[in-house]
Amino acid sequence: MKKNHLLAKWLNDDLTEEELAAFKASPDFEKYQRIKNYTDHLTVDDLDENAMLASILKQKKEVPKVIPLYKTGLFRAAAIFILALGITLAFNMLVPQTETAGFAEKNAFSLPDNSEVVLNSGSEIQYKKWNWNQNRHLELQGEAYFKAAKGKRFEVETKLGKVTVLGTQFNVKVRKNRFDVVCYEGRVKVNYADKQILLTHGQAVSFQNGNQIQMETNSLKPEWIDHQISFYKENIRTILDEVERQYNISIELKTKDTTSLFTGKLPAENLDTALQILSTTYNLKIQKISNHKIIIDAK
């Protein structure tokens with residue numbers, strides 16, 4: 001502040017001898033001196049206020065140029081982003097939701113009404129998530145266990161038949177030309193061809209080539225949930241197909257004897273034991289080519 005005061009007095013030649021000497025000794029004096037020398041040569045004409053006003057009034061008034069927002073690059077980028085986002089959301093909502101379980105895998109997920117589903121190996125489910133309350137419909141390929149939320153209903157469609165949920169826990173299995181439904185709790189309505197059956201707790205039914213097999217179960221859930229593969233009157237090729245799914249391997253069956261039916265369980269986490277059970281039951285010779293290739297032949 002004191003420095004600015006001295007500078008103002010110096011410009012007006014009001015400094016005392018002592019102040020002037022001190023000011024000239026300051027490091028910025030030479031700079032101030034050069035500025036003063038330059039400005040001393042500048043002259044300013046007398047201001048003609050009337051002429052200035054008349055000149056301003058004669059100038060053409062230009063309308064400010066307004067660029068519409070929609071013509072700006074930022075707006076276009078934002079519009080493209082919003083459009084892309086809308087298309088993505090619409091695609092995700094309108095395209096059926098697909099859940100899969102690959103070989104040697106299981107997939108547990110929830111439906112929009114919080115009903116629980118577990119897919120067994122080599123299975124797939126499709127359903128429409130966006131309008132679930134109006135279209136409670138699923139399409140199943142393979143096998144799945146359902147635990148419907150209390151009071152919720154939906155339909156499970158397969159290529160061989162349809163299951164209508166009436167608030168329950170149940171399992172649906174479709175492999176080739178066999179259709180199995182097991183009810184663990186509550187009730188389910190099963191439609192197969194021109195037949196309609198109501199299953200209650202502990203009841204099961206199987207359809208194959210138009211033939212119906214009525215069954216019962218004491219289990220509280222499917223055996224495959226606990227890593228066991230359960231079969232009821234199934235042939236060797238059907239059994240090996242399921243073993244392939246559970247262990248993600250390839251099995252070549254060279255024997256032609258596929259008429260004997262098997263009822264029982266195989267482990268889903270110990271391949272050697274599973275193959276030994278089949279070898280003993282069917283009198284087969286097991287040849288393990290690699291970790292993913294098995295050849296089975298008659299002894």
# chains A, B, ... in the order shown; residues from 1 in each chain; ligands from 1
$ residues_around --residues "segment 200-217 of chain A" --least-positions-apart "3" --cutoff "8 Å" --atoms "only C-alpha atoms" --output "mmCIF file with N, CA and C atoms, in the first residue's frame"
data_model
loop_
_atom_site.group_PDB
_atom_site.id
_atom_site.type_symbol
_atom_site.label_atom_id
_atom_site.label_comp_id
_atom_site.auth_asym_id
_atom_site.auth_seq_id
_atom_site.Cartn_x
_atom_site.Cartn_y
_atom_site.Cartn_z
ATOM 1 N N ASN A 177 -37.008 -87.557 -25.874
ATOM 2 C CA ASN A 177 -38.463 -87.791 -25.933
ATOM 3 C C ASN A 177 -39.050 -88.164 -24.583
ATOM 4 N N ARG A 178 -38.344 -87.812 -23.490
ATOM 5 C CA ARG A 178 -38.835 -88.119 -22.144
ATOM 6 C C ARG A 178 -39.120 -86.829 -21.382
ATOM 7 N N PHE A 179 -40.266 -86.820 -20.692
ATOM 8 C CA PHE A 179 -40.746 -85.645 -19.966
ATOM 9 C C PHE A 179 -41.080 -86.058 -18.541
ATOM 10 N N ASP A 180 -40.317 -85.550 -17.558
ATOM 11 C CA ASP A 180 -40.515 -85.913 -16.147
ATOM 12 C C ASP A 180 -40.893 -84.682 -15.336
ATOM 13 N N VAL A 181 -41.857 -84.842 -14.437
ATOM 14 C CA VAL A 181 -42.251 -83.772 -13.516
ATOM 15 C C VAL A 181 -42.385 -84.370 -12.121
ATOM 16 N N VAL A 182 -41.739 -83.741 -11.145
ATOM 17 C CA VAL A 182 -41.810 -84.188 -9.752
ATOM 18 C C VAL A 182 -42.280 -83.030 -8.892
ATOM 19 N N CYS A 183 -43.257 -83.240 -8.036
ATOM 20 C CA CYS A 183 -43.773 -82.201 -7.145
ATOM 21 C C CYS A 183 -43.262 -82.467 -5.727
ATOM 22 N N TYR A 184 -42.558 -81.506 -5.154
ATOM 23 C CA TYR A 184 -42.005 -81.654 -3.805
ATOM 24 C C TYR A 184 -42.837 -80.924 -2.754
ATOM 25 N N GLU A 185 -43.609 -79.957 -3.196
ATOM 26 C CA GLU A 185 -44.441 -79.194 -2.252
ATOM 27 C C GLU A 185 -45.547 -78.504 -3.020
ATOM 28 N N GLY A 186 -46.744 -78.436 -2.442
ATOM 29 C CA GLY A 186 -47.854 -77.765 -3.110
ATOM 30 C C GLY A 186 -48.447 -78.619 -4.208
ATOM 31 N N ARG A 187 -48.791 -77.993 -5.336
ATOM 32 C CA ARG A 187 -49.423 -78.703 -6.449
ATOM 33 C C ARG A 187 -48.894 -78.157 -7.773
ATOM 34 N N VAL A 188 -48.902 -79.025 -8.791
ATOM 35 C CA VAL A 188 -48.607 -78.583 -10.156
ATOM 36 C C VAL A 188 -49.575 -79.267 -11.113
ATOM 37 N N TYR A 192 -49.713 -82.943 -21.038
ATOM 38 C CA TYR A 192 -48.912 -83.686 -21.994
ATOM 39 C C TYR A 192 -49.846 -84.222 -23.068
#
$ residues_around --residues "segment 100-109 of chain A" --least-positions-apart "3" --cutoff "7 Å" --atoms "only C-alpha atoms" --output "PyMOL selection string"
chain A and resi 116-125+245-248
$ residues_around --residues "Gln196 of chain A" --least-positions-apart "6" --cutoff "10 Å" --atoms "only C-alpha atoms" --output "list in words"
Gly161, Lys162, Val163, Lys189 and Val190 of chain A
$ residues_around --residues "Ile286 of chain A" --least-positions-apart "2" --cutoff "8 Å" --atoms "only C-alpha atoms" --output "NGL selection string"
:A and (275 or 279 or 284 or 288 or 294-297)
$ write_last_selection --atoms "N, CA, C and O atoms" --output "tab-separated table (two decimals), in the first residue's frame"
chain	number	residue	atom	x	y	z
A	275	LEU	N	-18.71	-94.57	-13.37
A	275	LEU	CA	-18.41	-95.52	-14.44
A	275	LEU	C	-18.32	-96.95	-13.91
A	275	LEU	O	-18.73	-97.90	-14.59
A	279	SER	N	-20.38	-100.11	-15.18
A	279	SER	CA	-19.64	-101.28	-15.65
A	279	SER	C	-20.14	-102.55	-14.99
A	279	SER	O	-20.35	-103.59	-15.65
A	284	LEU	N	-19.93	-104.05	-18.55
A	284	LEU	CA	-19.26	-103.31	-19.61
A	284	LEU	C	-17.77	-103.14	-19.32
A	284	LEU	O	-17.33	-103.23	-18.17
A	288	LYS	N	-10.64	-95.47	-20.54
A	288	LYS	CA	-10.47	-94.03	-20.41
A	288	LYS	C	-9.35	-93.56	-21.33
A	288	LYS	O	-8.16	-93.76	-21.07
A	294	ILE	N	-14.11	-91.12	-23.13
A	294	ILE	CA	-14.33	-92.46	-22.57
A	294	ILE	C	-14.91	-93.35	-23.67
A	294	ILE	O	-15.80	-92.93	-24.43
A	295	ILE	N	-14.42	-94.59	-23.73
A	295	ILE	CA	-14.99	-95.59	-24.65
A	295	ILE	C	-15.53	-96.74	-23.81
A	295	ILE	O	-14.85	-97.26	-22.94
A	296	ILE	N	-16.80	-97.10	-24.07
A	296	ILE	CA	-17.45	-98.18	-23.34
A	296	ILE	C	-17.83	-99.28	-24.33
A	296	ILE	O	-18.49	-99.02	-25.35
A	297	ASP	N	-17.44	-100.49	-24.00
A	297	ASP	CA	-17.71	-101.62	-24.88
A	297	ASP	C	-18.14	-102.81	-24.03
A	297	ASP	O	-17.96	-102.82	-22.80
$ residues_around --residues "Trp132 of chain A" --least-positions-apart "2" --cutoff "12 Å" --atoms "only C-alpha atoms" --output "CSV table (one decimal) with C-alpha atoms, in the first residue's frame"
chain,number,residue,atom,x,y,z
A,93,MET,CA,-36.5,-55.3,-21.9
A,94,LEU,CA,-38.1,-56.7,-25.0
A,96,PRO,CA,-36.4,-62.6,-23.9
A,97,GLN,CA,-34.1,-63.2,-20.9
A,111,LEU,CA,-37.4,-64.7,-11.5
A,112,PRO,CA,-38.9,-61.2,-11.3
A,113,ASP,CA,-41.4,-62.3,-8.6
A,114,ASN,CA,-38.5,-63.7,-6.5
A,115,SER,CA,-39.3,-67.3,-7.4
A,126,GLN,CA,-36.1,-68.2,-21.6
A,127,TYR,CA,-38.6,-65.8,-20.3
A,128,LYS,CA,-39.7,-62.2,-20.8
A,129,LYS,CA,-38.6,-60.1,-17.9
A,130,TRP,CA,-40.2,-56.7,-18.9
A,134,GLN,CA,-48.8,-60.1,-17.5
A,135,ASN,CA,-46.9,-63.0,-19.1
A,136,ARG,CA,-45.7,-65.5,-16.5
A,137,HIS,CA,-44.3,-68.0,-19.0
A,138,LEU,CA,-41.0,-69.8,-19.3
A,152,LYS,CA,-47.0,-66.7,-7.3
A,153,ARG,CA,-47.9,-68.7,-10.4
A,154,PHE,CA,-46.3,-69.2,-13.8
A,155,GLU,CA,-46.1,-71.8,-16.6
$ atom_distance --atom1 "atom CA of Leu266 of chain A" --atom2 "atom CA of Leu240 of chain A"
10.8 Å
$ select_by_dssp --residues "segment 119-193 of chain A" --states "strand (DSSP E or B)" --output "number ranges by chain"
A: 119, 123-127, 137-147, 155-157, 162-165, 169-175, 178-185, 187-192
$ atom_distance --atom1 "atom CA of Ser290 of chain A" --atom2 "atom CA of Val243 of chain A"
15.6 Å
$ closest_residue --among "A:Asp272, A:Val165, A:Glu244, A:Asn131" --to "His292 of chain A" --atoms "only C-alpha atoms"
A:Glu244
